[in-house]
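Asks: If you scroll down you'll find the structure; I have some questions about it.
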Amino acid sequence: MLNKIEKKILAGGGITFDEALALTRFKGEDILDLVSAGNRVARHFKGNSLEICSIINARSHGCSEDCSFCAQSYRYNAGVRPYPMTAPEKILEQAISMEKAGAGSFSIVTSGRGISEGDLDKVISALILLKKETGLKLCASLGIIDERKALLLKEAGLSMYHHNLESPSTFFPWVCTTHTFEERVNTVKAAQKAGLRVCSGGIVGLGETPAQRVELAFAILDLGVDSVPVNFLHPIAGTPLEHREPPLPLACLQTLAIFRLVLPQSVIRLCGGRKEGLRSLQPLAFMAGANGVMIGDYLTTKGEDLKRDFQLFADLGLVPR
Ligand code: SF4
């Protein structure tokens with residue numbers, strides 16, 4: 001069955017929902033066959049290039065929302081240091097250092113349901129500065145926005161807007177009660193309408209079933225997004241999910257490979273929780289279909305060592321784009 005699915009995808013066809021569902025039932029060694037199929041599909045459509053991005057947490061904590069995995073909600077005491085919007089010059093400093101480290105794109109991320117007009121002005125100033133002083137592709141993740149705000153960001157030099165769906169629609173109410181899955185979808189559509197590319201994925205391991213992970217992959221496919229961040233739960237003390245175990249490494253690889261088969265044309269970007277979820281199997285993630293990665297620190301947690309990351313990419317024969 002897997003061979004048939006792979007051939008169909010390589011010929012330009014798509015996997016069906018039921019076929020993808022059947023892949024969630026693979027166990028043990030069969031998962032490694034699935035990983036190989038993910039690798040062949042990724043190499044066919046994406047070659048050996050690797051998209052490398054990095055982020056800055058430009059405004060920390062104080063968010064009104066109650067996303068159960070997030071350390072930045074004011075409702076949880078996760079020990080995160082709050083600070084207001086970072087000055088454009090500081091953002092530039094961080095962007096230059098990550099460009100030197102090897103990142104090709106850089107995202108300005110702010111905590112919160114959305115972004116105020118005042119902070120939007122500051123992000124716009126930062127984008128104009130980064131456009132002038134770096135060669136980075138510019139990305140932003142500012143919560144729920146409408147088309148007008150998306151257009152202003154595009155005019156300032158933004159290439160891509162990031163807004164995760166986070167979790168499938170059928171599980172989203174267990175992840176967040178203060179906004180809806182539809183509001184997230186509407187933001188993706190608003191950014192696309194403004195002519196921005198979109199980066200939208202989710203977090204694996206919040207309590208959703210394997211079948212619901214397939215639902216998420218197909219929801220992303222329906223939206224036609226360009227880049228798909230795949231995060232794995234990194235349970236943070238003080239959040240409602242602090243005691244939930246991250247998904248097992250083989251389950252992470254299985255999910256990555258299924259995402260690659262469902263979304264053969266998109267960048268599948270390995271992001272937060274890669275160390276906690278994949279553990280010693282992390283190199284295999286790039287052989288399961290991932291062709292993008294986030295380097296450096298995450299929003300509230302430390303990232304991987306940069307030297308070790310770039311050694312890994314070189315050892316795997318991946319060429320940063
Ligand atoms: S994920 Fe975003 S919207 Fe949700 S609590 Fe964290 S900062 Fe707020």
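FYI, nothing fancy with the structure tokens labels: chains A, B, ... in order, residues from 1 per chain, ligands from 1 as they appear.
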Check the DSSP output for the backbone and give back, as a PDB file with N, CA and C atoms, in the first residue's frame, the residues of stretch 40-116 of chain A in strand (DSSP E).
Replies:
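Dumped to result.pdb:
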```
ATOM      1  N   SER A  49      17.999  20.585  -0.306  1.00  0.00           N
ATOM      2  CA  SER A  49      18.092  21.917   0.302  1.00  0.00           C
ATOM      3  C   SER A  49      17.354  21.954   1.649  1.00  0.00           C
ATOM      4  N   LEU A  50      17.826  22.816   2.520  1.00  0.00           N
ATOM      5  CA  LEU A  50      17.244  22.952   3.851  1.00  0.00           C
ATOM      6  C   LEU A  50      16.956  24.424   4.108  1.00  0.00           C
ATOM      7  N   GLU A  51      15.719  24.740   4.432  1.00  0.00           N
ATOM      8  CA  GLU A  51      15.350  26.132   4.757  1.00  0.00           C
ATOM      9  C   GLU A  51      15.573  26.351   6.253  1.00  0.00           C
ATOM     10  N   ILE A  52      16.370  27.345   6.582  1.00  0.00           N
ATOM     11  CA  ILE A  52      16.718  27.572   7.987  1.00  0.00           C
ATOM     12  C   ILE A  52      16.175  28.927   8.446  1.00  0.00           C
ATOM     13  N   CYS A  53      15.407  28.892   9.523  1.00  0.00           N
ATOM     14  CA  CYS A  53      14.858  30.152  10.040  1.00  0.00           C
ATOM     15  C   CYS A  53      15.169  30.315  11.520  1.00  0.00           C
ATOM     16  N   SER A  54      14.927  31.516  11.997  1.00  0.00           N
ATOM     17  CA  SER A  54      15.166  31.817  13.400  1.00  0.00           C
ATOM     18  C   SER A  54      14.153  32.882  13.835  1.00  0.00           C
ATOM     19  N   ILE A  55      13.947  32.990  15.158  1.00  0.00           N
ATOM     20  CA  ILE A  55      12.921  33.932  15.637  1.00  0.00           C
ATOM     21  C   ILE A  55      13.458  34.806  16.776  1.00  0.00           C
ATOM     22  N   ILE A  56      12.733  35.893  17.014  1.00  0.00           N
ATOM     23  CA  ILE A  56      12.957  36.664  18.241  1.00  0.00           C
ATOM     24  C   ILE A  56      11.611  36.800  18.953  1.00  0.00           C
ATOM     25  N   ASN A  57      11.608  36.599  20.251  1.00  0.00           N
ATOM     26  CA  ASN A  57      10.404  36.858  21.033  1.00  0.00           C
ATOM     27  C   ASN A  57      10.408  38.357  21.337  1.00  0.00           C
ATOM     28  N   ALA A  58       9.763  39.135  20.490  1.00  0.00           N
ATOM     29  CA  ALA A  58       9.894  40.595  20.556  1.00  0.00           C
ATOM     30  C   ALA A  58       9.005  41.236  21.624  1.00  0.00           C
ATOM     31  N   ARG A  59       7.987  40.521  22.061  1.00  0.00           N
ATOM     32  CA  ARG A  59       7.181  41.009  23.206  1.00  0.00           C
ATOM     33  C   ARG A  59       6.770  39.775  24.003  1.00  0.00           C
ATOM     34  N   SER A 105      15.969  33.055   7.000  1.00  0.00           N
ATOM     35  CA  SER A 105      14.812  33.909   7.279  1.00  0.00           C
ATOM     36  C   SER A 105      14.702  34.140   8.784  1.00  0.00           C
ATOM     37  N   PHE A 106      13.982  35.215   9.114  1.00  0.00           N
ATOM     38  CA  PHE A 106      13.942  35.663  10.510  1.00  0.00           C
ATOM     39  C   PHE A 106      12.540  36.158  10.809  1.00  0.00           C
ATOM     40  N   SER A 107      12.010  35.723  11.947  1.00  0.00           N
ATOM     41  CA  SER A 107      10.636  36.098  12.279  1.00  0.00           C
ATOM     42  C   SER A 107      10.552  36.918  13.562  1.00  0.00           C
ATOM     43  N   ILE A 108       9.776  37.990  13.483  1.00  0.00           N
ATOM     44  CA  ILE A 108       9.475  38.806  14.674  1.00  0.00           C
ATOM     45  C   ILE A 108       8.186  38.244  15.268  1.00  0.00           C
ATOM     46  N   VAL A 109       8.286  37.749  16.499  1.00  0.00           N
ATOM     47  CA  VAL A 109       7.130  37.108  17.133  1.00  0.00           C
ATOM     48  C   VAL A 109       6.723  37.921  18.355  1.00  0.00           C
ATOM     49  N   THR A 110       5.418  38.151  18.512  1.00  0.00           N
ATOM     50  CA  THR A 110       4.941  38.838  19.716  1.00  0.00           C
ATOM     51  C   THR A 110       3.894  37.961  20.408  1.00  0.00           C
TER      52      THR A 110
END
```
Asks: What are the DSSP helix (DSSP H, G or I) residues of stretch 94-305 of chain A, as a ChimeraX atom specification?
Replies: /A:94-101,117-133,147-155,172-175,181-193,210-223,249-262,274-285
Asks: Could the residues in this selection be written to a file with C-alpha atoms, as a compact mmCIF listing (two decimals), in the first residue's frame?
Replies:
```
# COMPACT_ATOMS: atom_id res chain seq x y z
CA GLN A 94 19.50 39.64 16.92
CA ALA A 95 18.65 39.29 13.21
CA ILE A 96 22.23 40.06 12.15
CA SER A 97 23.61 37.53 14.62
CA MET A 98 21.26 34.80 13.35
CA GLU A 99 22.02 35.66 9.72
CA LYS A 100 25.72 35.25 10.50
CA ALA A 101 24.91 31.92 12.17
CA GLU A 117 -1.69 49.69 16.40
CA GLY A 118 1.21 51.04 18.49
CA ASP A 119 3.14 47.77 18.49
CA LEU A 120 2.33 47.21 14.82
CA ASP A 121 4.06 50.53 14.05
CA LYS A 122 7.13 49.28 15.93
CA VAL A 123 7.14 45.99 14.02
CA ILE A 124 6.85 47.92 10.75
CA SER A 125 9.85 50.12 11.71
CA ALA A 126 11.81 46.97 12.53
CA LEU A 127 10.88 45.34 9.21
CA ILE A 128 12.01 48.41 7.25
CA LEU A 129 15.32 48.39 9.15
CA LEU A 130 15.88 44.64 8.66
CA LYS A 131 15.06 44.92 4.95
CA LYS A 132 17.72 47.62 4.59
CA GLU A 133 20.44 46.05 6.75
CA GLU A 147 -6.22 41.96 5.84
CA ARG A 148 -5.46 45.67 6.49
CA LYS A 149 -2.73 44.86 8.99
CA ALA A 150 -1.39 42.12 6.69
CA LEU A 151 -1.17 44.64 3.83
CA LEU A 152 0.72 47.14 6.01
CA LEU A 153 3.21 44.41 6.93
CA LYS A 154 3.65 43.39 3.30
CA GLU A 155 4.31 46.99 2.28
CA PHE A 172 -8.94 22.79 19.32
CA PRO A 173 -11.57 23.50 22.05
CA TRP A 174 -9.48 21.35 24.45
CA VAL A 175 -6.39 23.42 23.63
CA PHE A 181 -10.06 27.43 15.24
CA GLU A 182 -12.05 29.47 12.70
CA GLU A 183 -10.43 32.70 13.91
CA ARG A 184 -7.04 31.13 13.25
CA VAL A 185 -8.10 30.01 9.77
CA ASN A 186 -9.43 33.52 9.05
CA THR A 187 -6.04 35.03 9.89
CA VAL A 188 -4.30 32.63 7.48
CA LYS A 189 -6.78 33.64 4.78
CA ALA A 190 -6.37 37.36 5.52
CA ALA A 191 -2.58 37.09 5.14
CA GLN A 192 -2.98 35.18 1.87
CA LYS A 193 -5.47 37.74 0.58
CA PRO A 210 -3.13 10.15 15.50
CA ALA A 211 -6.25 10.44 13.32
CA GLN A 212 -6.66 14.05 14.42
CA ARG A 213 -3.05 14.73 13.35
CA VAL A 214 -4.11 13.62 9.88
CA GLU A 215 -7.09 16.02 10.12
CA LEU A 216 -4.65 18.82 10.88
CA ALA A 217 -2.44 17.94 7.90
CA PHE A 218 -5.46 18.01 5.56
CA ALA A 219 -6.73 21.30 7.03
CA ILE A 220 -3.31 22.81 6.24
CA LEU A 221 -3.39 21.28 2.75
CA ASP A 222 -6.83 22.83 2.13
CA LEU A 223 -5.45 26.26 3.05
CA PRO A 249 10.24 9.62 19.04
CA LEU A 250 8.81 7.03 16.61
CA ALA A 251 5.39 8.74 16.79
CA CYS A 252 7.09 12.07 15.97
CA LEU A 253 8.81 10.52 12.93
CA GLN A 254 5.56 8.89 11.83
CA THR A 255 3.76 12.24 12.02
CA LEU A 256 6.50 14.04 10.09
CA ALA A 257 6.46 11.41 7.33
CA ILE A 258 2.65 11.54 7.06
CA PHE A 259 2.77 15.36 6.87
CA ARG A 260 5.36 15.07 4.07
CA LEU A 261 3.14 12.65 2.11
CA VAL A 262 0.03 14.81 2.59
CA ARG A 274 12.43 18.71 18.46
CA LYS A 275 14.92 17.78 21.19
CA GLU A 276 12.23 16.66 23.67
CA GLY A 277 10.12 14.73 21.15
CA LEU A 278 12.69 13.16 18.84
CA ARG A 279 15.48 12.72 21.39
CA SER A 280 18.29 10.58 19.84
CA LEU A 281 16.26 10.06 16.65
CA GLN A 282 16.44 13.74 15.69
CA PRO A 283 18.66 13.16 12.60
CA LEU A 284 16.00 10.81 11.20
CA ALA A 285 13.51 13.70 11.14
```
Asks: Hey, which residues sit close to ligand 1? Say within 7 Å, counting only C-alpha atoms and all ligand atoms, and write them as a PDB file with N, CA and C atoms, in the first residue's frame.
Replies:
```
ATOM      1  N   HIS A  61       5.176  37.426  27.138  1.00  0.00           N
ATOM      2  CA  HIS A  61       4.199  37.143  28.206  1.00  0.00           C
ATOM      3  C   HIS A  61       3.006  38.115  28.170  1.00  0.00           C
ATOM      4  N   CYS A  63      -0.165  37.482  27.755  1.00  0.00           N
ATOM      5  CA  CYS A  63      -1.220  37.220  26.760  1.00  0.00           C
ATOM      6  C   CYS A  63      -2.533  36.868  27.453  1.00  0.00           C
ATOM      7  N   SER A  64      -3.627  37.387  26.873  1.00  0.00           N
ATOM      8  CA  SER A  64      -4.963  37.176  27.456  1.00  0.00           C
ATOM      9  C   SER A  64      -5.509  35.774  27.192  1.00  0.00           C
ATOM     10  N   GLU A  65      -4.895  35.040  26.259  1.00  0.00           N
ATOM     11  CA  GLU A  65      -5.489  33.765  25.823  1.00  0.00           C
ATOM     12  C   GLU A  65      -5.068  32.621  26.762  1.00  0.00           C
ATOM     13  N   ASP A  66      -5.739  31.458  26.580  1.00  0.00           N
ATOM     14  CA  ASP A  66      -5.469  30.370  27.542  1.00  0.00           C
ATOM     15  C   ASP A  66      -4.952  29.098  26.870  1.00  0.00           C
ATOM     16  N   CYS A  67      -4.176  29.233  25.799  1.00  0.00           N
ATOM     17  CA  CYS A  67      -3.616  28.058  25.097  1.00  0.00           C
ATOM     18  C   CYS A  67      -2.858  27.205  26.119  1.00  0.00           C
ATOM     19  N   CYS A  70       1.099  26.949  26.437  1.00  0.00           N
ATOM     20  CA  CYS A  70       1.898  28.164  26.262  1.00  0.00           C
ATOM     21  C   CYS A  70       2.286  28.814  27.597  1.00  0.00           C
ATOM     22  N   ALA A  71       3.559  29.145  27.705  1.00  0.00           N
ATOM     23  CA  ALA A  71       4.084  29.757  28.931  1.00  0.00           C
ATOM     24  C   ALA A  71       3.852  31.264  28.962  1.00  0.00           C
ATOM     25  N   GLN A  72       3.256  31.826  27.879  1.00  0.00           N
ATOM     26  CA  GLN A  72       3.143  33.287  27.790  1.00  0.00           C
ATOM     27  C   GLN A  72       1.767  33.834  28.178  1.00  0.00           C
ATOM     28  N   SER A  73       0.856  32.932  28.540  1.00  0.00           N
ATOM     29  CA  SER A  73      -0.459  33.376  28.981  1.00  0.00           C
ATOM     30  C   SER A  73      -0.336  33.971  30.388  1.00  0.00           C
ATOM     31  N   SER A 111       3.891  37.977  21.730  1.00  0.00           N
ATOM     32  CA  SER A 111       2.862  37.240  22.464  1.00  0.00           C
ATOM     33  C   SER A 111       1.557  38.039  22.367  1.00  0.00           C
ATOM     34  N   GLY A 112       0.457  37.341  22.573  1.00  0.00           N
ATOM     35  CA  GLY A 112      -0.824  38.061  22.603  1.00  0.00           C
ATOM     36  C   GLY A 112      -1.804  37.548  21.570  1.00  0.00           C
ATOM     37  N   ARG A 113      -3.074  37.868  21.809  1.00  0.00           N
ATOM     38  CA  ARG A 113      -4.138  37.451  20.890  1.00  0.00           C
ATOM     39  C   ARG A 113      -3.945  38.090  19.517  1.00  0.00           C
ATOM     40  N   GLY A 143      -0.055  37.090  16.031  1.00  0.00           N
ATOM     41  CA  GLY A 143      -1.391  36.691  16.458  1.00  0.00           C
ATOM     42  C   GLY A 143      -2.442  36.952  15.386  1.00  0.00           C
TER      43      GLY A 143
END
```
Asks: Of the candidates A:Gly292, A:Ala11, A:Gly135, A:Ser68, which shows the shortest atom-to-atom distance to A:Thr177, using only C-alpha atoms?
Replies: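 Closest candidate: A:Ser68.
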